Each structure stands twice: as structure tokens, then as C-alpha cells.
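Data first, discussion second: the structure below is written as C-alpha cells.
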Amino acid sequence: MISLAARMLRHRPGSSVATLLALALGALILTAMGTLVESGLRYHPAPARYAAADLVIAQPETTFTSREFDGEIYRSSVALPEGGTVPAELAGRLRNIEGVARVAVDENIPVHTTTGSPLSGRGWASSVLTPFALVDGQAPARDDEVVLGNTQGTPANPDTAPGPESGAGLGTGPVRVGEQVRLVVGGVLRTYRISGLARGNDGAAVFFTDAHAADLAPHRGAVSAVGVVAAPGTDLGRLGERVNQVVGAARVSSDSASEDIGAPSGRASEGTGAPSGPASEDIGVPRGQMSEDLQVLSRADSGRAERSADQAAAGLLIQVGASFGGYVILLVVFVVAATIGLSVRHRRRDLALVRAVAATPGQVRRMIMMESALLALVASAVGVPVGLVTTHWLTGEITGRGFVPVGFPMSPGVIAGAAAAAVILVSAVLAGLLAARRISGIKPAEALSEVAAEPAPAGRARWISGLSALAAAGSTAFAAVAASGQTALGAALGMLYLFVLAVALLAPWINAATSRALASPLRMVFGTSGYLAAANLRANARGAATVLTSLVLAVGFGGSVWFLQNNLERQAVAQSRSGLLATRALVAGVGLSDSAVVEVRAIPGVRAATPVRHTSVVVSLMGDGETIGARAVDPAGLAATLDLGVAEGSLADLHDGTVAVSRTHASTFGWELGEKVALRLGDGTPVDVRIAAIYERGLGFGDVVLPRTTVAGHTATNLDDQILISASPSADAALREMAAAHPGSALVDTAALTGGLAKDLALSAWLNRLLIAVMVGYTVVAAANTMVMAALARRREIAVLRLTGVTRRQIKLMINAEQVGLLGVAVLLGGAIAALTLSSVVRALTGSVVPYVPPMGLVAVLGGTAFLALATTILPIARLLRVPPVEHIGMKE
């Protein structure tokens, strides 16, 4: 059977190459997307900051618990955007455990040099966790003394490690013990004496005295992690059990919440076998100081407690690869099924002959499935290696643009390549099976007579399936229009695929109706050729179904998904420009302290000053944790600096215990004005807040606005990112002087904030556009592939027309007329689908009913589709016309 399948493929090289191309491109894209996912899933953070700790107690994530319909308990964890905290008093309890040599807390204090370079501020006692070792001087003994750690880590060859003269990356040249160093700590420029220089394994660091570090820590009474160093000879397994018992007992003793579904499940000892504490059913109820999400991590897993850019990159790779990979899989399955189906249809004479010489239906089906499998294997052998090379290029691009840190451990893609090959193989075999069902069921005596005419009209099952898909698409469209937020977004994207599926199933009837409706116009415009075109469309309504579907898919995707990013960027910038009432802004990458706000408000001519802090909150959505961007502001004078476009409620009611949310997310979560909702702050702290206002400008200013006092002590730093200022021009000089007095800060016009937002959006949109271009590009290539196959399969038909006296010019006009008819219907249907999808998505995200369509983008989509339809048909037909018709009507067929 394999040899027969191979000979059949060689006999029809055109359709084989076309199918091979579709499969190979699918394997290439799936390999690239799969490698991104594999790299994210296989990433395991190596310990660096806590490399010398035997056990680390930390809270890297928060867990949501819900009950499924069947009663099963479902738990979902999400990484805390601000990093969780551990009660500082836990360190004292751990010191009394047998086998513990040392216990140290890590505060993770944000520190910057005067040039803006970040340093990690810590108490000197935590140096044992890395470890850092003094190479000169001594430990800090007073609050105005620090030890500077190296910035490059400890190389494999200690002789090449940076020495005392390395300057610890301060950008001020060599430093020595006893010299003064100026650091920005807590938004304030401070001067310290260098008491020592240390060499360690964790990059740039500055060590304070333990008491001074506790005063500078962003979290009062809490630390980032607690590290435990075991005494020599201690059984780490038994020590872990003792530590788990102490952590669990402390959590239970401080937990005042009841056992209800919906609160964080106890995961203090995930992976260590320790008991978890009772779950609380009200996620917004405060739980005291001891969080149930505390985890006791071994040394190998302690990297999870370190908030690094690599961990964020791993999550991004998984999200991007999985989301776009899922859409690509749907496209690949759809395209492969259409391509193989068209290939089998064009070879029905060969297959009928095989049936006529006594081949059983099962043998024909197995032969076609074997052909598809052989093509899939060859396509995988070509597409997977090229996909791995493409992934290497993609990694360089996303690394260069800052999406992934330099040196992130990318997977070699072995599993991704195997998975992509498996998807391609299964898709091809199933497509071959579906395509072979009809031809294999023909009786041997009827086989050759069956293929002498065009295929019979599509069956009732296809008609019913098409109407069902159309009804489902209509229902989804109604949901997309009636709903808003993420619900409408998901409905709109699902609607796109359902409409395209409905068109694919109903294409024979659409083509037949089109041929009847266009018969008179085509004859008027193209004469006899138009009459032949209408007759061909009517007679070959089922055969042209794949061509129509390909064109609709190209227009639908190109006209909706591609323009979505334009609308998001345009709306975000417009909302930012309209909502900023402030005339000036004081911005600082190193952060601004409360004293800066007081100084600004004291300047004559300043009418209002609003400090803004970027943060995040975590909310439960259908049992899973959803991280939402938020802004923490001082409500005083907010109306004079910021206009969020409040639709319900008032920002005047924004105070402790309240929150303002965007309309998009209010609709997504089903929140209403005045309702009390449960949130978790960036460090996992649960809070219950009442919705005081619902606003429209979420794209420009974030989806949640909180009072600054609510997040105080619950963010990675207690510093503001910017201060929005409404002031007269007379205050500019004083504001500039103040900005000069705060290192790392600058006074800018608020238009610069909008411009910066546009640049940030353009950078983040690059990856989306790249992946969308891959999807649209694959769709276009598949459509071109399909139409070339369909055109080349008409050699016998064109030969018959030429032998009956039809001229080359008339045939060309006939083909043009056919393409005009198909293209008109495709643009009409695809354009309607694209318009409905795009308007639904834009309305869900921005509230605007009419989407923005770039004029040149519209020209590109329509012109590109027209060029695609004409070029991929006219050129192959022109090639056929250059061959004498006798050669296409002979025994080769």
C-alpha cells in the first residue's frame, strides 16, 4: 500500500507539492510556537540570591480555590506581580528549631545609584543566603555605613572576579573602603560611608545594617523571604518537616477566616508534604499576618522565590506561544483539510479507476490516508528544522526588543518539533480519511461514469451542519454585541471562526446562488465568456467551494485581526490625551517619595498635584487568578489633574475601602456600582472594596484605580512613579529646580507622557503584529495554494473548450469573469465577517462602535485579495493555454 501511495503521489506532482507546502508551513509555524511554550514550561529558575540557603520560606504566588459543578475542588495559582511577603516574626520561631544553624530575612530594598542603575538593598545578615563574602573592609556597624557587592557575580575563575576597585557598578569609577557613596533610597538621596566590599553570586547589591534595612524596607513587619541554613550533618528532609510544622502552626494560630470556598488554599508547603492550613471561603476577608500561600522551598526550588525577569519572560513565552499556537492549529487543521480534500477531488478519475479494477473501499481509504501520512512526514522533515531555525531568529528579535532577557535558556525544541509533527500527521490523515469517504463508496461499475460529470450537489448533512454553524455564529454575534469586556472579546473571536466554518460548509449553495444572480451581469460585461463563467460557477459550485472559502478566510482574517492592534493603540493614546488635565508631570525612574509630593504642592502656582503609582491587583475569574494593571493615586485634587471619563458614580467617593474600575472590566467580572468586591493586592493581601466609580478610559489609565493608602506597604516599593501637576506657567522654574534636586527625576509636559505611551504600545504591539502577520500570511499562502491547485486541475476542461472552438482570449475572459464573481462574493462575505468581528472586539475593549480602519490597510487587504485571486488563477491558466489542447485530453488523464 505504501508503494502504491507513493506512485500515486508521483503521478500527480502538482497537487502533491501544493499539499506538501501547506503541511510544511504548518509544521514550521507550530514548531516555532511550540518551542516558545516549551521554553517557558521547562524553565526552572536557578537559585542565585538564596543559593546558600537550605530552605527558603516565601510567597511567590497566590492560589484561588473553587468548586466545580461535579463537586471537585479546583485550585489555580498565579504569580504575585509585586512579590509576596513573609511575616518577619516567623524568623524568631524558626531559630528555635533543632538543626537550624542560621536564619536570615531578606528585605529586597530598591536602591539606585545617582546614574539610575538599580541595586538590591539588603541587611548584612542576609549575605549568608547568597553567600556574599567580604574581600575588603568590614560589615556595616552604623546606619550611615554600607557594604557594596559586586555587579557581575562570581565567575568560574575566582581570579577574574571583580576586585575592590570594581566600583560595584556605581558608574562613578573605582571606589575604596572609607570613601563616601551617594545612593537614592526610598526616593531620597542619601550619603553613606563604604565600610566594606563584598564578592557574591547575585549581581549588584548594597548591604545596610540589619536595623537600618528594617527601617528602609517597603513592607512594615514583613520581609520578602526567610532563609534557613542548616547545621552541618542535619538531615534536610527531617528539618524541612519541622519547618513546615512551625509554619503551619503559625498560620493556623493567626488565621481568623472561616473555611469557605473562594479563598487561597493552603500551599505553604507545596512539594514538601506538609499539611496545608484551612481554606477560607471569603477571598476578601483578611487573614491576619500569616498567609496560607506561604511555601517552604528547598535549595533547588528556591529560585522561585526570586522575582526575576527570567520568570516573567517564561510566563510571556507560554502565554504568547499557547494563545497564538492554538489559533494556528485551528488554521492548520482547516487549511490542511481543504487542501487534501481538493487534491483528492481533482484525482477522482484515478481513484475511480482503482475502484473499477476491484479495489475495496477500505483499500482506497487506506491508500489515501497513507498518501496523506507520507506527505505529512516529508513536510515535517522539512518544516520542523526550518521552524527551529526560525525560532532562533525570533528569539534574537524578542531578546533585542526586551521581551526576553539576554541569556534566557531557550529550549532546543525537541518536544515542540515532535508535537508539531504529530499535529500535522494526525491532521493530514484525518483530512485524507474525510476526503476519501465519498470516492471510496462508489460502486466499481459506476466509478468511471461517476467522474465523467461534475460532482453531485453536496449532501443534506453538509447543509444541516452549515446552517447549524451559521446559527451558532449568529448567536455568538448576538452575545458579542450584547455583552462587553472579555466576554464580548471571546465571543467575537469565536464568531470569526464560526462564520468562516459556516461559509465553508455552505459554499456550494452560495456559489450556485451567486452564479444565478450574476449570470445576466456577467454576460452583459463579458459577453459569451461571461455566459460560460456563470455556467461554470453553477456546474462546479461544489468544486469551487474551497476557493471561495480560502478567499473569505483571507479577507476575514486580514480585515479583522490585523486592524485590531491599530484600534487598541489609537484608542489608548486618544484616551490618555483626553484624560490628562494636568499640564506638567514630574517623573522618576528611581521613584518619588512622599516628601516630593509635599514640595510640589507647596510651590506657588501649583493648583493640584496627584502622585501616581503603577501596581497590579489579582482577581478571581471563573476560578482562575487574573492579574489586572492598576493605578494607586491620591484622591485629593484628582479632578484637577485627571479625567477618567466617569460613567457611573464619582471619583469624589474614592477613599480607603473603595475602588474605581473601567467599564470593560466591570462588565467582565459582573461588577456594579456600589457592589463590594474581593481583590488581592500585588503582594497577595486580600481586601474587600466597594466600587465607587466606573469609568470609560481604561486603556489609557489602567483598569483599576485605588487610593494610594490602600496599597501602602503592599507594593515592591512605596514610591510613586510620577506626579501629575496642574499649575500656571509661573511655577515652571520652581518645578525645574525641584526636579534637579531629586536625582533621576525630570519635569515633562504631559504630552510627553502620551508620546511615551504610544512608543510603549508600539513596542508591545510589535510581537502581536508579528504573530498576527504569521497567521494572516499562512492564510494567504494557503489560499494561493488552493487556487493554483484548482486552476491547474482544469486542464481537461480548458482543452475541451479549445477543441470546440473557444479562443484563448475568450477563455481568459471567462476565467476573469469567474474570478470577479468569486472575488465579489468573497469580499462581501469576508468583509461583513471582518467588520462584525472588528467592531465587536473594538466595542468590547474601547466602547467605540465604529472601528478605525487605516485607509492604506483597507487598500492593502482588498487589493491584496484581488491580486491573490487573479494572479493565482490567471497565471496557471495562461500556462495551460500555452500547451496544445490535445496533450491535455489524451490518455495521460
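Naming works like this for the C-alpha cells: A, B, ... for the chains as they're shown, residue 1 at the start of each chain, ligands 1 onward in shown order.
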Report task. For Ala660 (chain A), please output as number ranges by chain all residues within 7 Å (counting only C-alpha atoms; exclusion window: fewer than 2 positions along the same chain). Result -> A: 691-694, 704-706
Got time to write the residues from that selection, C-alpha atoms, as a CSV table (one decimal), in the first residue's frame?
chain,number,residue,atom,x,y,z
A,691,ILE,CA,-16.9,50.2,43.7
A,692,ALA,CA,-17.2,54.0,43.9
A,693,ALA,CA,-17.0,54.7,40.2
A,694,ILE,CA,-17.0,53.1,36.8
A,704,VAL,CA,-8.4,49.7,38.4
A,705,VAL,CA,-7.8,52.9,40.3
A,706,LEU,CA,-7.1,52.6,44.1
Query - Arg882 (chain A) surroundings by only C-alpha atoms, 12 Å radius, close-in-sequence under 6 positions cut, as a PyMOL selection string - result: chain A and resi 795+798-799+802+808+875-876+888
Report summary line: Computed gap from CA of Gln565 (chain A) to CA of Val547 (chain A) is 28.3 Å
Report task. Work out how far apart CA of Ala582 (chain A) and CA of Ser117 (chain A) are and give it in Å to one decimal. Result ->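 About the pair CA of Ala582 (chain A) and CA of Ser117 (chain A): they are 29.2 Å apart.
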Query - Residue among A:Val354, A:Ala539, A:Leu41, A:Val827 lying closest to Ser411 (chain A), counting only C-alpha atoms - result: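 Under the stated criterion, the closest residue is A:Leu41.
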**Report entry** Among the residues A:Leu505, A:Val853, A:Val344, A:Val404, the one that comes closest to Gly466 (chain A) [using only C-alpha atoms]
**Finding:**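 Checking each of A:Leu505, A:Val853, A:Val344, A:Val404 against Gly466 (chain A), counting only C-alpha atoms, the winner is A:Leu505.
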Report task. Using only C-alpha atoms, determine which residues lie at most 7 Å from Asp210 (chain A), disregarding the query and same-chain residues fewer than 4 positions distant; provide the list as a list in words. Result ->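 Counting only C-alpha atoms, the residues come to Gly123, Trp124, Ala125 and Ala214 of chain A.
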Write a file of the just-selected residues containing N, CA and C atoms, as a PDB file, in the first residue's frame.
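Here's the written file result02.pdb:
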ATOM      1  N   GLY A 123      19.804  43.681  54.240  1.00  0.00           N
ATOM      2  CA  GLY A 123      20.500  43.706  55.513  1.00  0.00           C
ATOM      3  C   GLY A 123      21.715  42.802  55.463  1.00  0.00           C
ATOM      4  N   TRP A 124      22.773  43.169  56.205  1.00  0.00           N
ATOM      5  CA  TRP A 124      24.013  42.402  56.101  1.00  0.00           C
ATOM      6  C   TRP A 124      23.827  40.946  56.505  1.00  0.00           C
ATOM      7  N   ALA A 125      22.917  40.658  57.419  1.00  0.00           N
ATOM      8  CA  ALA A 125      22.721  39.271  57.855  1.00  0.00           C
ATOM      9  C   ALA A 125      22.274  38.375  56.702  1.00  0.00           C
ATOM     10  N   ALA A 214      15.688  47.221  58.119  1.00  0.00           N
ATOM     11  CA  ALA A 214      14.293  47.058  58.554  1.00  0.00           C
ATOM     12  C   ALA A 214      13.542  48.384  58.470  1.00  0.00           C
TER      13      ALA A 214
END
Query - Coordinates-based distance that separates CA of Met789 (chain A) from CA of Ala356 (chain A) (Å, one decimal) - result: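 The value is 25.8 Å.
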Query - Exercise: region 508-521 of chain A partners within 8 Å, only C-alpha atoms, chain neighbours under 2 positions left out, as a ChimeraX atom specification - result: /A:457-458,505-506,523-525,530-531,534-535,537-539,541-545,821-822,825
Query - strand (DSSP E or B) residues, from DSSP on the backbone, in region 591-795 of chain A, as a ChimeraX atom specification - result: /A:591-592,606-621,624-633,642,646-649,658-662,676-680,686-695,704-707,720-727,745-749
Skipping near chain neighbours, those fewer than 4 positions away, what residues fall within 7 Å of Val748 (chain A) using only C-alpha atoms, listed as a CSV table (one decimal) with C-alpha atoms, in the first residue's frame?
chain,number,residue,atom,x,y,z
A,584,ARG,CA,3.1,69.1,33.8
A,585,ALA,CA,4.4,65.8,35.2
A,586,LEU,CA,7.3,65.0,37.4
A,752,ALA,CA,5.3,63.6,26.5
Query - Residue set, region 399-592 of chain A restricted to helix (DSSP H, G or I), as a PyMOL selection string - result: chain A and resi 399-400+414-440+444-451+460-482+485-526+528-539+545-579
Query raised in the report: With only C-alpha atoms as the basis for distance, which of A:Pro409, A:Gly233, A:Gly325, A:Gly137 is at the shortest distance from Val423 (chain A)?
Result: A:Gly325
Query - Among the residues A:Ala249, A:Thr872, A:Thr31, A:Ser302, the one that comes closest to Pro385 (chain A) [using only C-alpha atoms] - result: A:Thr31
